[in-house]
file upload28.cif (mmCIF, C-alpha atoms)
data_work
loop_
_atom_site.label_atom_id
_atom_site.label_comp_id
_atom_site.auth_asym_id
_atom_site.auth_seq_id
_atom_site.Cartn_x
_atom_site.Cartn_y
_atom_site.Cartn_z
CA MET A 1 -191.89 -138.81 98.08
CA ILE A 2 -189.83 -136.58 95.78
CA LYS A 3 -186.53 -138.13 96.87
CA HIS A 4 -187.97 -141.62 96.76
CA TYR A 5 -189.59 -141.45 93.32
CA CYS A 6 -188.34 -138.37 91.47
CA GLY A 7 -184.89 -137.50 92.84
CA ASP A 8 -183.31 -137.47 89.38
CA GLU A 9 -186.09 -135.50 87.66
CA GLU A 10 -185.87 -131.88 86.55
CA PRO A 11 -187.86 -129.49 88.78
CA SER A 12 -190.38 -128.81 86.00
CA ARG A 13 -191.22 -132.52 85.77
CA ILE A 14 -191.50 -133.39 89.48
CA VAL A 15 -195.30 -133.06 89.65
CA THR A 16 -195.67 -135.18 86.50
CA CYS A 17 -193.30 -137.77 87.95
CA LEU A 18 -195.22 -137.92 91.24
CA GLY A 19 -198.45 -138.26 89.31
CA ASN A 20 -197.09 -141.37 87.60
CA HIS A 21 -196.55 -142.99 91.01
CA LYS A 22 -199.54 -141.70 92.97
CA HIS A 23 -201.35 -145.05 92.85
CA ASP A 24 -198.40 -147.00 94.26
CA ASP A 25 -199.22 -148.78 97.51
CA ASP A 26 -196.55 -147.00 99.55
CA PHE A 27 -197.33 -143.53 98.19
CA ASP A 28 -198.07 -141.00 100.94
CA HIS A 29 -201.81 -140.34 101.36
CA LYS A 30 -201.52 -136.56 101.79
CA CYS A 31 -199.15 -136.26 98.86
CA ARG A 32 -201.55 -138.31 96.71
CA ARG A 33 -204.43 -135.94 97.50
CA PHE A 34 -202.26 -132.93 96.69
CA ILE A 35 -201.14 -134.39 93.35
CA LYS A 36 -204.74 -135.29 92.43
CA ASP A 37 -205.96 -131.78 93.23
CA ARG A 38 -203.15 -130.31 91.16
CA GLN A 39 -203.99 -132.57 88.21
CA ILE A 40 -207.68 -131.65 88.43
CA MET A 41 -206.74 -127.98 88.30
CA LYS A 42 -204.47 -128.50 85.28
CA SER A 43 -207.17 -130.42 83.41
CA LYS A 44 -209.42 -127.36 83.43
CA ASP A 45 -207.06 -124.90 81.73
CA ILE A 46 -204.38 -125.79 79.21
CA ARG A 47 -202.45 -122.65 80.16
CA LEU A 48 -201.39 -124.60 83.26
CA ASN A 49 -200.09 -127.39 81.03
CA PRO A 50 -196.79 -126.35 79.38
CA SER A 51 -196.15 -129.89 78.08
CA LEU A 52 -199.54 -129.93 76.34
CA VAL A 53 -199.10 -126.43 74.94
CA LYS A 54 -195.69 -127.38 73.56
CA GLY A 55 -196.66 -130.79 72.19
CA CYS A 56 -199.92 -129.57 70.61
CA LYS A 57 -198.86 -126.09 69.50
CA LEU A 58 -199.81 -126.91 65.88
CA ASP A 59 -202.87 -129.02 66.60
CA ILE A 60 -204.67 -126.59 68.93
CA PRO A 61 -205.03 -123.72 66.40
CA LYS A 62 -205.66 -126.21 63.59
CA PHE A 63 -208.51 -128.11 65.22
CA CYS A 64 -209.77 -126.34 68.32
CA THR A 65 -209.47 -122.55 68.06
CA ASN A 66 -208.69 -119.85 65.54
CA LYS A 67 -206.20 -118.28 67.93
CA VAL A 68 -202.57 -118.72 66.88
CA SER A 69 -201.14 -118.39 70.38
CA VAL A 70 -202.44 -120.05 73.54
CA ARG A 71 -201.83 -116.75 75.35
CA ASP A 72 -204.49 -115.19 73.10
CA LEU A 73 -207.18 -117.65 74.15
CA PRO A 74 -210.29 -116.00 75.61
CA PRO A 75 -211.22 -116.63 79.26
CA GLU A 76 -214.16 -118.86 78.28
CA ILE A 77 -211.77 -121.44 76.76
CA LYS A 78 -211.40 -123.44 79.94
CA GLU A 79 -212.96 -126.33 81.85
CA GLY A 80 -211.26 -128.86 79.62
CA THR A 81 -212.76 -127.81 76.28
CA ILE A 82 -209.43 -127.78 74.43
CA ILE A 83 -208.38 -131.16 75.81
CA GLU A 84 -211.84 -132.48 74.95
CA CYS A 85 -211.44 -131.27 71.38
CA LEU A 86 -208.01 -132.88 71.03
CA LYS A 87 -209.30 -136.17 72.43
CA ARG A 88 -211.98 -136.28 69.73
CA LYS A 89 -209.35 -135.71 67.03
CA LEU A 90 -207.21 -138.45 68.53
CA ILE A 91 -210.04 -140.96 68.07
CA LYS A 92 -210.13 -139.99 64.38
CA HIS A 93 -206.30 -140.35 64.12
CA ARG A 94 -205.75 -136.72 63.09
CA LEU A 95 -203.28 -135.47 65.71
CA SER A 96 -199.56 -135.01 65.21
CA SER A 97 -197.33 -137.56 66.93
CA PRO A 98 -196.11 -135.19 69.72
CA CYS A 99 -199.67 -134.09 70.52
CA GLU A 100 -200.97 -137.66 70.41
CA ARG A 101 -198.44 -138.73 73.05
CA VAL A 102 -199.41 -135.88 75.38
CA ILE A 103 -203.16 -136.39 74.96
CA LYS A 104 -202.88 -140.12 75.60
CA THR A 105 -201.20 -139.30 78.91
CA TYR A 106 -204.15 -137.09 79.86
CA MET A 107 -206.65 -139.70 78.75
CA LYS A 108 -204.99 -142.30 80.97
CA SER A 109 -205.11 -139.93 83.95
CA GLN A 110 -208.77 -139.11 83.29
CA ALA A 111 -209.64 -142.80 82.98
CA LEU A 112 -208.11 -143.40 86.42
CA ASP A 113 -209.78 -140.37 88.02
CA TYR A 114 -212.98 -139.02 86.45
CA ARG A 115 -212.54 -135.67 88.25
CA GLN A 116 -209.65 -134.92 85.92
CA ASP A 117 -212.18 -134.93 83.08
CA PRO A 118 -214.18 -131.74 83.80
CA VAL A 119 -216.47 -132.19 80.79
CA LEU A 120 -217.48 -135.71 81.86
CA ASN A 121 -217.72 -134.66 85.49
CA GLN A 122 -220.11 -131.83 84.66
CA ALA A 123 -222.22 -133.81 82.16
CA CYS A 124 -222.60 -136.85 84.44
CA ASN A 125 -222.60 -135.24 87.87
CA ALA A 126 -226.22 -136.24 88.59
CA GLU A 127 -225.65 -139.79 87.34
CA ILE A 128 -222.50 -140.19 89.43
CA ASN A 129 -224.45 -139.20 92.53
CA SER A 130 -227.54 -141.28 91.76
CA LEU A 131 -226.02 -144.39 90.18
CA CYS A 132 -222.51 -144.66 91.56
CA TYR A 133 -222.48 -143.13 95.04
CA LYS A 134 -223.70 -146.25 96.86
CA GLU A 135 -221.83 -148.61 94.59
CA VAL A 136 -218.47 -146.87 94.96
CA TYR A 137 -218.27 -144.45 97.87
CA GLU A 138 -220.30 -146.30 100.48
CA ARG A 139 -218.48 -149.55 99.75
CA ASN A 140 -215.15 -147.76 100.02
CA VAL A 141 -216.14 -146.25 103.35
CA GLN A 142 -216.83 -149.74 104.64
CA ASP A 143 -213.39 -150.77 103.41
CA GLY A 144 -211.77 -147.77 105.10
CA ILE A 145 -211.10 -145.91 101.84
CA GLY A 146 -211.75 -142.18 101.94
CA GLU A 147 -213.51 -140.18 99.24
CA GLY A 148 -211.04 -139.33 96.49
CA ASP A 149 -209.00 -142.47 97.13
CA GLU A 150 -211.31 -144.94 95.39
CA VAL A 151 -209.92 -147.71 93.22
CA PRO A 152 -208.54 -146.11 90.03
CA GLY A 153 -211.12 -146.12 87.25
CA GLU A 154 -213.92 -147.34 89.51
CA VAL A 155 -216.34 -144.44 88.94
CA GLY A 156 -215.83 -144.49 85.18
CA GLU A 157 -216.50 -148.23 85.14
CA CYS A 158 -219.66 -147.67 87.19
CA LEU A 159 -220.97 -145.23 84.57
CA LYS A 160 -220.22 -147.75 81.81
CA ASP A 161 -222.01 -150.53 83.70
CA HIS A 162 -225.10 -148.32 84.21
CA ARG A 163 -225.02 -146.83 80.70
CA HIS A 164 -228.56 -148.02 79.87
CA GLU A 165 -229.95 -146.23 82.94
CA ILE A 166 -228.51 -142.84 81.98
CA LYS A 167 -231.19 -140.39 80.82
CA SER A 168 -229.12 -137.30 80.07
CA THR A 169 -228.10 -137.00 76.42
CA ALA A 170 -224.89 -135.17 77.35
CA CYS A 171 -223.88 -137.85 79.84
CA LYS A 172 -224.72 -140.65 77.39
CA GLN A 173 -222.42 -139.09 74.83
CA GLN A 174 -219.58 -138.61 77.32
CA VAL A 175 -219.82 -142.24 78.46
CA ALA A 176 -219.86 -143.38 74.82
CA TYR A 177 -216.71 -141.35 74.13
CA MET A 178 -215.09 -142.84 77.24
CA ILE A 179 -215.82 -146.32 75.88
CA ALA A 180 -214.44 -145.34 72.46
CA GLU A 181 -211.24 -143.95 73.97
CA GLY A 182 -210.56 -147.32 75.57
CA ARG A 183 -210.92 -148.96 72.15
CA VAL A 184 -208.26 -146.66 70.70
CA ASP A 185 -205.72 -147.54 73.42
CA VAL A 186 -206.10 -150.40 75.88
CA HIS A 187 -204.05 -148.45 78.43
CA VAL A 188 -206.85 -145.87 78.58
CA ASP A 189 -209.16 -148.61 79.88
CA PRO A 190 -207.60 -149.24 83.31
CA LEU A 191 -209.78 -152.17 84.39
CA LEU A 192 -209.40 -154.02 81.10
CA ASN A 193 -205.68 -153.29 81.06
CA ARG A 194 -205.40 -154.70 84.57
CA ALA A 195 -207.49 -157.79 83.79
CA CYS A 196 -205.57 -158.56 80.58
CA SER A 197 -202.05 -157.51 81.57
CA VAL A 198 -200.68 -161.09 81.51
CA ASP A 199 -202.50 -161.87 78.25
CA LEU A 200 -201.13 -158.71 76.62
CA SER A 201 -197.60 -159.74 77.56
CA HIS A 202 -198.14 -163.28 76.30
CA TYR A 203 -200.03 -162.74 73.04
CA CYS A 204 -199.39 -159.11 72.05
CA SER A 205 -195.83 -158.35 73.14
CA ASN A 206 -194.73 -157.69 69.55
CA VAL A 207 -197.71 -155.47 68.71
CA GLU A 208 -197.14 -151.71 68.64
CA SER A 209 -199.36 -149.65 70.90
CA GLY A 210 -201.83 -147.16 69.43
CA GLU A 211 -204.75 -146.97 66.98
CA GLY A 212 -206.48 -149.91 68.64
CA ARG A 213 -203.81 -152.44 67.64
CA LEU A 214 -203.41 -153.96 71.11
CA MET A 215 -207.16 -154.21 71.55
CA SER A 216 -207.49 -155.88 68.16
CA CYS A 217 -204.75 -158.31 69.16
CA LEU A 218 -206.69 -159.28 72.29
CA ILE A 219 -209.90 -159.73 70.31
CA ILE A 220 -208.18 -161.97 67.76
CA ALA A 221 -206.67 -164.00 70.60
CA SER A 222 -210.09 -164.36 72.22
CA GLU A 223 -211.49 -165.80 68.97
CA ASP A 224 -208.55 -168.18 68.52
CA ARG A 225 -209.45 -171.61 69.90
CA THR A 226 -205.79 -172.40 70.48
CA ALA A 227 -205.27 -169.28 72.64
CA GLN A 228 -205.87 -169.61 76.37
CA LEU A 229 -206.90 -166.17 77.58
CA SER A 230 -207.39 -165.77 81.31
CA ARG A 231 -210.97 -165.99 82.53
CA LYS A 232 -210.93 -162.37 83.78
CA CYS A 233 -209.65 -161.04 80.48
CA ARG A 234 -212.11 -163.04 78.39
CA LYS A 235 -215.03 -161.89 80.55
CA MET A 236 -213.91 -158.25 80.39
CA LEU A 237 -213.53 -158.40 76.60
CA SER A 238 -217.05 -159.79 76.29
CA GLU A 239 -218.37 -156.88 78.36
CA ARG A 240 -216.40 -154.42 76.22
CA ARG A 241 -217.95 -155.77 73.03
CA ASN A 242 -221.40 -154.95 74.41
CA MET A 243 -220.18 -151.49 75.38
CA TRP A 244 -218.83 -150.85 71.87
CA GLU A 245 -222.20 -151.77 70.40
CA TYR A 246 -223.74 -149.19 72.72
CA ALA A 247 -221.17 -146.53 71.79
CA ILE A 248 -221.67 -146.82 68.02
CA LYS A 249 -225.37 -146.08 68.51
CA ILE A 250 -224.59 -142.85 70.36
CA LEU A 251 -221.54 -141.36 68.67
CA PRO A 252 -221.52 -139.30 65.43
CA PRO A 253 -221.08 -141.33 62.22
CA ASP A 254 -217.59 -139.98 61.43
CA THR A 255 -216.35 -141.03 64.87
CA VAL A 256 -217.90 -144.48 64.46
CA ASP A 257 -216.26 -144.90 61.06
CA ALA A 258 -212.88 -144.04 62.58
CA LEU A 259 -213.35 -146.65 65.31
CA CYS A 260 -215.00 -149.53 63.52
CA ASP A 261 -213.34 -152.34 61.67
CA GLU A 262 -214.45 -155.88 60.91
CA ILE A 263 -213.33 -157.05 64.35
CA MET A 264 -214.78 -154.35 66.53
CA CYS A 265 -218.24 -153.82 65.20
CA PRO A 266 -219.48 -155.97 62.33
CA THR A 267 -222.89 -154.34 62.81
CA SER A 268 -221.61 -150.80 62.59
CA ARG A 269 -223.56 -147.98 60.99
CA SER A 270 -221.54 -148.31 57.79
CA TYR A 271 -222.40 -151.99 57.60
CA MET A 272 -226.07 -151.31 58.23
CA TYR A 273 -225.98 -148.51 55.66
CA ILE A 274 -224.66 -150.95 53.04
CA LEU A 275 -227.36 -153.47 53.94
CA GLY A 276 -229.98 -150.73 53.57
CA ILE A 277 -228.72 -149.83 50.10
CA MET A 278 -228.72 -153.50 49.07
CA ALA A 279 -232.29 -153.91 50.33
CA CYS A 280 -233.40 -150.87 48.30
CA ILE A 281 -231.71 -152.21 45.16
CA LEU A 282 -233.34 -155.62 45.55
CA THR A 283 -236.73 -153.97 46.09
CA ILE A 284 -236.34 -151.89 42.92
CA ILE A 285 -235.30 -154.97 40.93
CA GLY A 286 -238.31 -156.89 42.26
CA LEU A 287 -240.74 -154.11 41.37
CA THR A 288 -239.18 -153.78 37.92
CA ILE A 289 -239.66 -157.49 37.24
CA ILE A 290 -243.29 -157.41 38.41
CA PHE A 291 -244.01 -154.29 36.34
CA GLY A 292 -242.32 -155.86 33.31
CA LEU A 293 -244.38 -159.03 33.58
CA GLY A 294 -247.54 -156.96 33.83
CA ARG A 295 -246.72 -154.96 30.71
CA ARG A 296 -245.85 -158.13 28.83
CA ARG A 297 -249.27 -159.64 29.66
CA VAL A 298 -251.09 -156.50 28.50
CA THR A 299 -249.11 -156.47 25.23
CA GLN A 300 -249.98 -160.09 24.58
CA LEU A 301 -253.70 -159.40 25.08
CA LYS A 302 -253.60 -156.40 22.70
CA THR A 303 -251.80 -158.45 20.04
CA HIS A 304 -254.33 -161.30 20.34
CA THR A 305 -257.22 -158.80 19.92
CA ARG A 306 -255.71 -157.36 16.70
CA ILE A 307 -255.22 -160.83 15.15
CA TYR A 308 -258.67 -162.15 16.07
CA PRO A 309 -260.90 -159.08 16.11
CA ASN A 310 -264.18 -160.97 15.50
CA GLU A 311 -263.60 -163.72 18.00
CA PRO A 312 -266.71 -163.83 20.20
CA SER A 313 -266.16 -163.19 23.80
CA GLU A 314 -267.22 -165.74 26.33
CA GLN A 315 -270.70 -164.97 27.58
CA LYS A 316 -272.95 -166.80 29.89
CA GLN A 317 -275.84 -168.58 28.16
CA PRO A 318 -279.33 -167.85 29.53
CA LEU A 319 -280.95 -170.61 31.48
CA LEU A 320 -283.73 -172.58 29.69
CA GLN A 321 -287.21 -171.78 30.81
#
call {"tool": "encode", "arguments": {"input": "upload28.cif", "output": "structure tokens"}}
result
Amino acid sequence: MIKHYCGDEEPSRIVTCLGNHKHDDDFDHKCRRFIKDRQIMKSKDIRLNPSLVKGCKLDIPKFCTNKVSVRDLPPEIKEGTIIECLKRKLIKHRLSSPCERVIKTYMKSQALDYRQDPVLNQACNAEINSLCYKEVYERNVQDGIGEGDEVPGEVGECLKDHRHEIKSTACKQQVAYMIAEGRVDVHVDPLLNRACSVDLSHYCSNVESGEGRLMSCLIIASEDRTAQLSRKCRKMLSERRNMWEYAIKILPPDTVDALCDEIMCPTSRSYMYILGIMACILTIIGLTIIFGLGRRRVTQLKTHTRIYPNEPSEQKQPLLQ
């Protein structure tokens, strides 16, 4: 496999190179399992990730820890917490360019194999077993696919599809973040990327990747009556819109504000907040008008009484006997 795929690579980049090809049809099964296990191990501790440490050397102490050097990190900083922190900053467009490139690579790997996302794996372990085992693993066994060799991104997609059945708050939030990450970069959403690959080439070839630009391009194309998106892509985009609506109800407001624009979520929290303010203003104006009319009526009655003080009041006449 090394000679076939990575013969010209430097020794320090061979594992990364093999990881980029592990889903190829002719990739050796045993080598694929080894590379996946190695990637899972690296996802749990950034000290095993020299490319991440180098690319994010300024971002890690700025956003995720008060330690200046990665070597000074305490033992409890593991199980993907640093990568998780950097992913959240990426959604808010706060990372430096070198760190953003590295983190996007990790996000793509995690989207293809949920076990490379230790935070998601731990938060949603019960849901994966209860909601996705039969749907993914048992079907793959029938197709002759062993555990660990499932279709890339299949388990993550299963969690998205069953998002309304998830009870755990931690798992709900992780699934919402997973949905949001796909909005930031279409390549982090493997099934959508696969379904819309031809459409991306046709309609969005001149659009720069990153910050949701490719996804916005697809959405605009889907709303253009002259564009002829493929049926698979159009269907997947429709499903993603529903998922985004779910995500904005779960995620913190600052994350939602970073994600939302007029195309993605016209009913975002910011939009609803503005509507709420407008409703309050209209209510105050209405009450002011009613109160003003009432005071005006009272003033008129008082003025009439001063001008005609002896005017008899209307009284009922007694009935004749």
call {"tool": "residues_near_point", "arguments": {"input": "upload28.cif", "point": "(-203.3, -136.1, 93.9)", "cutoff": "10 Å", "atoms": "all atoms listed in the file", "output": "ChimeraX atom specification"}}
result
/A:15,18-19,22-23,29-40,113,148-149
call {"tool": "resolve_selection", "arguments": {"input": "upload28.cif", "expression": "the PyMOL selection byres ((chain A and resi 48-58) around 8)", "output": "PyMOL selection string"}}
result
chain A and resi 42+45-47+59-62+70+96+98-99+102-103
call {"tool": "residues_around", "arguments": {"input": "upload28.cif", "residues": "Asp199 (chain A)", "least_positions_apart": "2", "cutoff": "9 Å", "atoms": "all atoms listed in the file", "output": "list in words"}}
result
Ala195, Cys196, Ser197, Ser201, His202, Tyr203, Cys204, Leu218, Ala221, Gln228, Leu229, Ser230 and Cys233 of chain A
call {"tool": "residues_near_point", "arguments": {"input": "upload28.cif", "point": "(-205.6, -160.3, 68.8)", "cutoff": "10 Å", "atoms": "only C-alpha atoms", "output": "list in words"}}
result
Leu200, Tyr203, Cys204, Val207, Arg213, Leu214, Met215, Ser216, Cys217, Leu218, Ile219, Ile220, Ala221, Ser222, Glu223, Asp224, Ala227 and Ile263 of chain A
call {"tool": "write_last_selection", "arguments": {"input": "upload28.cif", "atoms": "C-alpha atoms", "output": "mmCIF file, in the frame of the given file"}}
result
data_model
loop_
_atom_site.group_PDB
_atom_site.id
_atom_site.type_symbol
_atom_site.label_atom_id
_atom_site.label_comp_id
_atom_site.auth_asym_id
_atom_site.auth_seq_id
_atom_site.Cartn_x
_atom_site.Cartn_y
_atom_site.Cartn_z
ATOM 1 C CA LEU A 200 -201.130 -158.710 76.620
ATOM 2 C CA TYR A 203 -200.030 -162.740 73.040
ATOM 3 C CA CYS A 204 -199.390 -159.110 72.050
ATOM 4 C CA VAL A 207 -197.710 -155.470 68.710
ATOM 5 C CA ARG A 213 -203.810 -152.440 67.640
ATOM 6 C CA LEU A 214 -203.410 -153.960 71.110
ATOM 7 C CA MET A 215 -207.160 -154.210 71.550
ATOM 8 C CA SER A 216 -207.490 -155.880 68.160
ATOM 9 C CA CYS A 217 -204.750 -158.310 69.160
ATOM 10 C CA LEU A 218 -206.690 -159.280 72.290
ATOM 11 C CA ILE A 219 -209.900 -159.730 70.310
ATOM 12 C CA ILE A 220 -208.180 -161.970 67.760
ATOM 13 C CA ALA A 221 -206.670 -164.000 70.600
ATOM 14 C CA SER A 222 -210.090 -164.360 72.220
ATOM 15 C CA GLU A 223 -211.490 -165.800 68.970
ATOM 16 C CA ASP A 224 -208.550 -168.180 68.520
ATOM 17 C CA ALA A 227 -205.270 -169.280 72.640
ATOM 18 C CA ILE A 263 -213.330 -157.050 64.350
#
call {"tool": "atom_distance", "arguments": {"input": "upload28.cif", "atom1": "CA of Val184 (chain A)", "atom2": "CA of Gln122 (chain A)"}}
result
23.6 Å
call {"tool": "atom_distance", "arguments": {"input": "upload28.cif", "atom1": "CA of Asp189 (chain A)", "atom2": "CA of Leu112 (chain A)"}}
result
8.4 Å
call {"tool": "closest_residue", "arguments": {"input": "upload28.cif", "among": "A:Ser97, A:Asn121, A:Ser130, A:Thr105", "to": "Gly80 (chain A)", "atoms": "only C-alpha atoms"}}
result
A:Asn121
call {"tool": "residues_around", "arguments": {"input": "upload28.cif", "residues": "His162 (chain A)", "least_positions_apart": "5", "cutoff": "12 Å", "atoms": "all atoms listed in the file", "output": "short mmCIF file (atom, residue, chain, number, x, y, z; two decimals) with C-alpha atoms, in the coordinates of the input"}}
result
data_model
loop_
_atom_site.label_atom_id
_atom_site.label_comp_id
_atom_site.auth_asym_id
_atom_site.auth_seq_id
_atom_site.Cartn_x
_atom_site.Cartn_y
_atom_site.Cartn_z
CA CYS A 124 -222.60 -136.85 84.44
CA GLU A 127 -225.65 -139.79 87.34
CA ILE A 128 -222.50 -140.19 89.43
CA SER A 130 -227.54 -141.28 91.76
CA LEU A 131 -226.02 -144.39 90.18
CA CYS A 132 -222.51 -144.66 91.56
CA GLU A 135 -221.83 -148.61 94.59
CA VAL A 155 -216.34 -144.44 88.94
CA GLY A 156 -215.83 -144.49 85.18
CA GLU A 157 -216.50 -148.23 85.14
CA LYS A 167 -231.19 -140.39 80.82
CA CYS A 171 -223.88 -137.85 79.84
CA LYS A 172 -224.72 -140.65 77.39
CA VAL A 175 -219.82 -142.24 78.46
CA ALA A 176 -219.86 -143.38 74.82
CA MET A 243 -220.18 -151.49 75.38
CA TYR A 246 -223.74 -149.19 72.72
#
call {"tool": "atom_distance", "arguments": {"input": "upload28.cif", "atom1": "CA of Gln174 (chain A)", "atom2": "CA of Leu120 (chain A)"}}
result
5.8 Å
call {"tool": "decode", "arguments": {"input": "upload28.cif", "residues": "region 116-131 of chain A", "atoms": "N, CA, C and O atoms", "output": "PDB file, in the first residue's frame"}}
result
ATOM      1  N   GLN A 116     -13.519   8.392  15.294  1.00  0.00           N
ATOM      2  CA  GLN A 116     -12.430   9.360  15.366  1.00  0.00           C
ATOM      3  C   GLN A 116     -12.861  10.646  16.068  1.00  0.00           C
ATOM      4  O   GLN A 116     -12.070  11.571  16.210  1.00  0.00           O
ATOM      5  N   ASP A 117     -14.110  10.699  16.482  1.00  0.00           N
ATOM      6  CA  ASP A 117     -14.624  11.826  17.265  1.00  0.00           C
ATOM      7  C   ASP A 117     -14.950  11.301  18.658  1.00  0.00           C
ATOM      8  O   ASP A 117     -16.093  10.909  18.941  1.00  0.00           O
ATOM      9  N   PRO A 118     -13.975  11.262  19.571  1.00  0.00           N
ATOM     10  CA  PRO A 118     -14.196  10.639  20.880  1.00  0.00           C
ATOM     11  C   PRO A 118     -15.277  11.325  21.714  1.00  0.00           C
ATOM     12  O   PRO A 118     -15.954  10.674  22.497  1.00  0.00           O
ATOM     13  N   VAL A 119     -15.452  12.624  21.537  1.00  0.00           N
ATOM     14  CA  VAL A 119     -16.478  13.338  22.307  1.00  0.00           C
ATOM     15  C   VAL A 119     -17.870  12.899  21.846  1.00  0.00           C
ATOM     16  O   VAL A 119     -18.752  12.598  22.656  1.00  0.00           O
ATOM     17  N   LEU A 120     -18.083  12.848  20.544  1.00  0.00           N
ATOM     18  CA  LEU A 120     -19.354  12.363  19.999  1.00  0.00           C
ATOM     19  C   LEU A 120     -19.576  10.898  20.353  1.00  0.00           C
ATOM     20  O   LEU A 120     -20.680  10.506  20.754  1.00  0.00           O
ATOM     21  N   ASN A 121     -18.546  10.109  20.218  1.00  0.00           N
ATOM     22  CA  ASN A 121     -18.654   8.670  20.484  1.00  0.00           C
ATOM     23  C   ASN A 121     -19.066   8.408  21.929  1.00  0.00           C
ATOM     24  O   ASN A 121     -19.886   7.530  22.212  1.00  0.00           O
ATOM     25  N   GLN A 122     -18.514   9.172  22.846  1.00  0.00           N
ATOM     26  CA  GLN A 122     -18.853   8.992  24.261  1.00  0.00           C
ATOM     27  C   GLN A 122     -20.253   9.519  24.568  1.00  0.00           C
ATOM     28  O   GLN A 122     -21.036   8.873  25.266  1.00  0.00           O
ATOM     29  N   ALA A 123     -20.595  10.692  24.015  1.00  0.00           N
ATOM     30  CA  ALA A 123     -21.899  11.299  24.308  1.00  0.00           C
ATOM     31  C   ALA A 123     -23.050  10.493  23.721  1.00  0.00           C
ATOM     32  O   ALA A 123     -24.144  10.448  24.298  1.00  0.00           O
ATOM     33  N   CYS A 124     -22.820   9.867  22.563  1.00  0.00           N
ATOM     34  CA  CYS A 124     -23.908   9.190  21.842  1.00  0.00           C
ATOM     35  C   CYS A 124     -23.732   7.674  21.799  1.00  0.00           C
ATOM     36  O   CYS A 124     -24.361   7.012  20.944  1.00  0.00           O
ATOM     37  N   ASN A 125     -22.934   7.129  22.688  1.00  0.00           N
ATOM     38  CA  ASN A 125     -22.685   5.690  22.649  1.00  0.00           C
ATOM     39  C   ASN A 125     -23.980   4.881  22.795  1.00  0.00           C
ATOM     40  O   ASN A 125     -24.219   3.910  22.056  1.00  0.00           O
ATOM     41  N   ALA A 126     -24.831   5.275  23.732  1.00  0.00           N
ATOM     42  CA  ALA A 126     -26.097   4.555  23.946  1.00  0.00           C
ATOM     43  C   ALA A 126     -27.004   4.674  22.730  1.00  0.00           C
ATOM     44  O   ALA A 126     -27.651   3.701  22.317  1.00  0.00           O
ATOM     45  N   GLU A 127     -27.058   5.874  22.130  1.00  0.00           N
ATOM     46  CA  GLU A 127     -27.916   6.088  20.969  1.00  0.00           C
ATOM     47  C   GLU A 127     -27.408   5.315  19.749  1.00  0.00           C
ATOM     48  O   GLU A 127     -28.214   4.812  18.951  1.00  0.00           O
ATOM     49  N   ILE A 128     -26.099   5.239  19.601  1.00  0.00           N
ATOM     50  CA  ILE A 128     -25.533   4.474  18.479  1.00  0.00           C
ATOM     51  C   ILE A 128     -25.941   3.009  18.595  1.00  0.00           C
ATOM     52  O   ILE A 128     -26.326   2.368  17.613  1.00  0.00           O
ATOM     53  N   ASN A 129     -25.886   2.490  19.810  1.00  0.00           N
ATOM     54  CA  ASN A 129     -26.247   1.083  20.021  1.00  0.00           C
ATOM     55  C   ASN A 129     -27.747   0.841  19.864  1.00  0.00           C
ATOM     56  O   ASN A 129     -28.165  -0.181  19.312  1.00  0.00           O
ATOM     57  N   SER A 130     -28.558   1.785  20.358  1.00  0.00           N
ATOM     58  CA  SER A 130     -30.005   1.555  20.345  1.00  0.00           C
ATOM     59  C   SER A 130     -30.670   1.952  19.034  1.00  0.00           C
ATOM     60  O   SER A 130     -31.640   1.314  18.605  1.00  0.00           O
ATOM     61  N   LEU A 131     -30.163   3.001  18.388  1.00  0.00           N
ATOM     62  CA  LEU A 131     -30.821   3.520  17.188  1.00  0.00           C
ATOM     63  C   LEU A 131     -30.165   3.086  15.883  1.00  0.00           C
ATOM     64  O   LEU A 131     -30.847   2.986  14.853  1.00  0.00           O
TER      65      LEU A 131
END
